[in-house]
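Enquirer: Quick one: structure below, then a few questions.
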Amino acid sequence: MSEVTVSLTKWISERPKWLQITAMRILQQSELTNKDISELATLCQQEADGKLSKTTCSFPASAFSQDAAGSLRLYSISDVEGVNALSPKKPLEFGKGNITIVYGNNGSGKSGYVRLLKHVCGSRESGTLYRNVYKPVPVVQKACISFEQDGILKNHTWSGQGICDDLKSVDIFDTSFGKVFVSSEDEVSYEPPVLSFFSSLILASEKVASALDAEANRHQSKKPNMPADKKVTPEGIWYESISAKTTVQDIDKHCAFSSTDETEMQTLQQRLVEQAPAEKAKQLRTQKQHVDTLIQDTKKYLEQLSDENCRRIIAAKKKSILKKKAADAAADKVFSGSELEGIGVEVWKELWEAARNYSVSAAYKEIDYPNVSDGSRCVLCHQTLNQEAKDRLISFESFVKGEMQKAATDAAKEYETVSQTIEALPTLETLRTRIDAAGISQDKIASQVTESFIQLQAKKDQLPEIDSEEAIPAPQLSPEWIEEANTHSKSLGELAAKYEDDAKSDNRDEIKKKLNNFQARKWLSEHRAAIDEEINRLKLLNQIAKAKKSTNTKALSQKKGELAEALITDAFVKRFETELRALGASQVKVELVKSKVSKGRILHKLQLRGASQSGPADILSEGENRIVSIAAFLADVTGKSSQAPFIFDDPISSLDQTYEEAVVQRLIGLSQDKQVIVFTHRLSLLGTVRHFAEKKSIRPDVVSIRSADWGTGEPAPIPLSQSDIKTALNTLMNQRYQDAKKASEDGEFEHAEILLKAICSDFRTLVERSIENDLLCGVVQRFQRPVHTLKLKELAKLNDADCNLLDSLMTKYSGFEHSQPTESPIALPNPDDLLADMTSLKNWREEYAKRSATAVISR
């Protein structure tokens, strides 16, 4: 980059990063000269130093005008479909000259072509381009525009939308533009490169802002709507206030909801629906007591059936068996001579003890058992005891009270005592009743309790059959449900305490509040994913908002406004005043003023000079409004140095003769530098253009269009009233006459008659024009205001023969131009006679043009 851009680069470097890149690209593409850039750099340096003002802005003229842009001219429009009623079979060609008049009657398609060009060229107020509303099936819109740019022929195929960048510089004036400055305010279209630089930055800013808005709109909130009653909770208030700054820790804190929370929430719900809290507390206490009893009994049974106690029982059992065996062995020795079997066995021992009890309690209360004193009797049979019987009883007692027998008896009692330490377990039916009473509703815990007792009962049932410690069932019991039952008991106690508190005081509102908080937190936990998504969206929107903030164009608009005050507004106003004078409208009391600057756009409006109220549209006549809008349009577009075409659609509508001629002269003046295309339906405009163009040695191109059966916009021959007489006459003789003759020779008599009638009618028009232009030397012509008095001297060559010839031709062919009564139709001339008459007019025109008025006068 050259040194002259250093200051400008400094100014740009103070802008946001994306704007810096855009600015540098635009600068690199600028066509400003190094001198201009140097001046621009100075300006930017002054702005950076705070020394810039309107008075210090003194750029050279070259810095405020664009270098001459490449030439551009329109050639033709073809292949039109789906645009209004346009359906031409041939292209509409604009000729090779710099001014072209496209003539056509109302409804011939002129406005359709103008609307099409406005859309292709991107003109303001382009409106909606409708298809042919009378066609039942819509046709796809398209057209081909041929043009030449910098000597290179190009074609642009328009497909119903978008604009052609190469044709954006084409300016179009029509009725809609006539309302821009008159009825409202509008921006001047011309900008010097200095302001274009700012405009490009502003446009880039707006495009980026628009893209950011579109991106923001694409991310619509999917945040669920929390129920209204939950919004008043702390969780609801937090939820409504979440933002891009909300942290993950905040989310975890407010969205956490555990199984404990679920239980607590259900408890609160139960407390709310309970109508008798005291009774409920009592019920819970009873349930707790059943749970505790069940736990205590289980622990008791576990202790009774523990391996240690089982080993003790088994040991007592083994001891009892051993002692009994020893006592039995001793008894066998003692009672070996007994008359009866079974002495010393258990039944016998019971009998012996029963006899003892009877003797000491009833028969012989004061005497030890057995009573073997004199005269004593047997307590069983009541017979008097002899000495043998006495000795036998004494031996029995000695055995019973002997050491071994005593040991056996003690061991048996010990075994019985130890065995009785295992109490009877409840039946399954009783157990289920106790489980229900404890309020243990979970199937898992209830089944564990039942299974525990089944195992305990099985162990108890097996114990009498076990003879050794090794045979004790394994593994040892360790019920896990006891811990859960303890937790359940604790919760029952706590819940009972809460119900007791509920019974003492009216705290339902507090319970409702707590319940609502739990429900709100549960709702948040269920929508955690949506909350994460919403916060991510808010963070993205926050980033977009920050980015959009850097696209603010206020500073750029202010700087552009300062420069535009001198560079555009003043020059624009002066051009407007100049155009008013050139159009003969300086007496119209209007002025063009800057209204405001909006986003770097310099807006202007027309106002009545010296008027206290009302706008020009309300006060000016229709013709004055039109001439003022033309002046504003020309002041706008003539500020450009580009060689782009101007297009006018019926510019003289509502104008009187004076304004019409002024506009025509201005258009001809514009055509000396660039292409001017005028669409019109007025022959007077066509004649006026020709008249003033001739004075400038300019030959305008005239194109005619018409409406055909298949649609409008079809190119057609130029009206005879405005066509060249010689060319038109040759066409009649060499083309149309030959076509009629061939149709007659081919037997197509009706067609030949139609062609001959048309030739006669047009020939009559040419005779009339020959009288005007040739016989009378063009002194006075239709559709033209001036009288050419200098041509009066040419009338000296006129003689009777000339008048007679033209009078006879007029008389002969007037019937084909004017309507005739059906009862007396005019017969068509013989084709050869018609050709002879056309030849006579041609020869006369050639001779009359060569005839000298001076020679006639001298004779």
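Going by the structure tokens order, chains are called A, B, ..., each with residues numbered from 1, while ligands are numbered from 1 in the order shown.
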Report the residues of region 303-422 of chain A whose backbone DSSP state falls under alpha helix (DSSP H), written as number ranges by chain.
Expert: A: 303-304, 307-334, 346-358, 387-400, 403-419
Enquirer: Need the shell around Gln269 (chain A): protein/DNA/RNA residues with any atom at most 9 Å away, counting only C-alpha atoms. Skip same-chain ones fewer than 6 positions apart. Format as JSON, numbers by chain?
Expert: {"A": [511, 512, 515]}
Enquirer: With distances taken over only C-alpha atoms, which of A:Val291, A:Pro227, A:Ala836, A:Ala644 is nearest to Asn516 (chain A)?
Expert: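 Among A:Val291, A:Pro227, A:Ala836, A:Ala644, it is A:Pro227 that comes nearest to Asn516 (chain A).
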Enquirer: Calculated over only C-alpha atoms, which of the candidates A:Thr384, A:Ser770, A:Ser550, A:Ser654 has the smallest distance to Met810 (chain A)?
Expert: A:Ser770
Enquirer: Using only C-alpha atoms, find the one residue out of A:Glu714, A:Ile630, A:Asp570, A:Asn486 that sits nearest to Gln296 (chain A).
Expert: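 Ranking A:Glu714, A:Ile630, A:Asp570, A:Asn486 by distance to Gln296 (chain A), first place goes to A:Asn486.
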Enquirer: Which residues, written as a ChimeraX atom specification, have at least one atom at most 8 Å from Lys842 (chain A), with only C-alpha atoms counted and residues fewer than 4 positions away on the same chain left out?
Expert: /A:726,729,838,846
Enquirer: Any chance you could export the current selection's N, CA and C atoms as a JSON list (two decimals), in the first residue's frame?
Expert:
[["chain", "number", "residue", "atom", "x", "y", "z"],
["A", 726, "LYS", "N", -40.18, 8.60, -48.90],
["A", 726, "LYS", "CA", -39.53, 7.83, -49.96],
["A", 726, "LYS", "C", -39.44, 6.36, -49.58],
["A", 729, "LEU", "N", -42.92, 4.77, -49.59],
["A", 729, "LEU", "CA", -43.44, 4.58, -50.95],
["A", 729, "LEU", "C", -42.76, 3.39, -51.62],
["A", 838, "MET", "N", -48.65, 5.17, -58.05],
["A", 838, "MET", "CA", -47.56, 5.27, -57.08],
["A", 838, "MET", "C", -46.26, 5.67, -57.77],
["A", 846, "GLU", "N", -39.34, 13.25, -57.12],
["A", 846, "GLU", "CA", -37.93, 13.38, -57.50],
["A", 846, "GLU", "C", -37.72, 14.62, -58.38]]
Enquirer: Within 12 Å of Asp650 (chain A), counting only C-alpha atoms, which residues show up once you throw out same-chain ones fewer than 4 positions away? Write them as JSON, numbers by chain, please.
Expert: {"A": [101, 102, 103, 104, 105, 106, 110, 111, 114, 172, 173, 174, 175, 176, 178, 626, 630, 654, 655, 660, 663, 664, 677, 678, 679, 680, 681, 682, 683, 684, 685, 686]}
Enquirer: Show me, as a ChimeraX atom specification, the residues that have an atom within 12 Å of Ile295 (chain A) when counting only C-alpha atoms, minus same-chain residues fewer than 2 positions from it.
Expert: /A:288-293,297-302,434-435,438,449,452-453,479-489
Enquirer: Do you know which residues are at most 10 Å from Ala708 (chain A) counting only C-alpha atoms, after dropping those on the same chain fewer than 6 positions away, and could you put them as a count of residues only?
Expert: 8
Enquirer: Where does DSSP see strand (DSSP E) in region 117-296 of chain A, if you list the residues as an NGL selection string?
Expert: :A and (142-149 or 152-158 or 171-173 or 185-187)
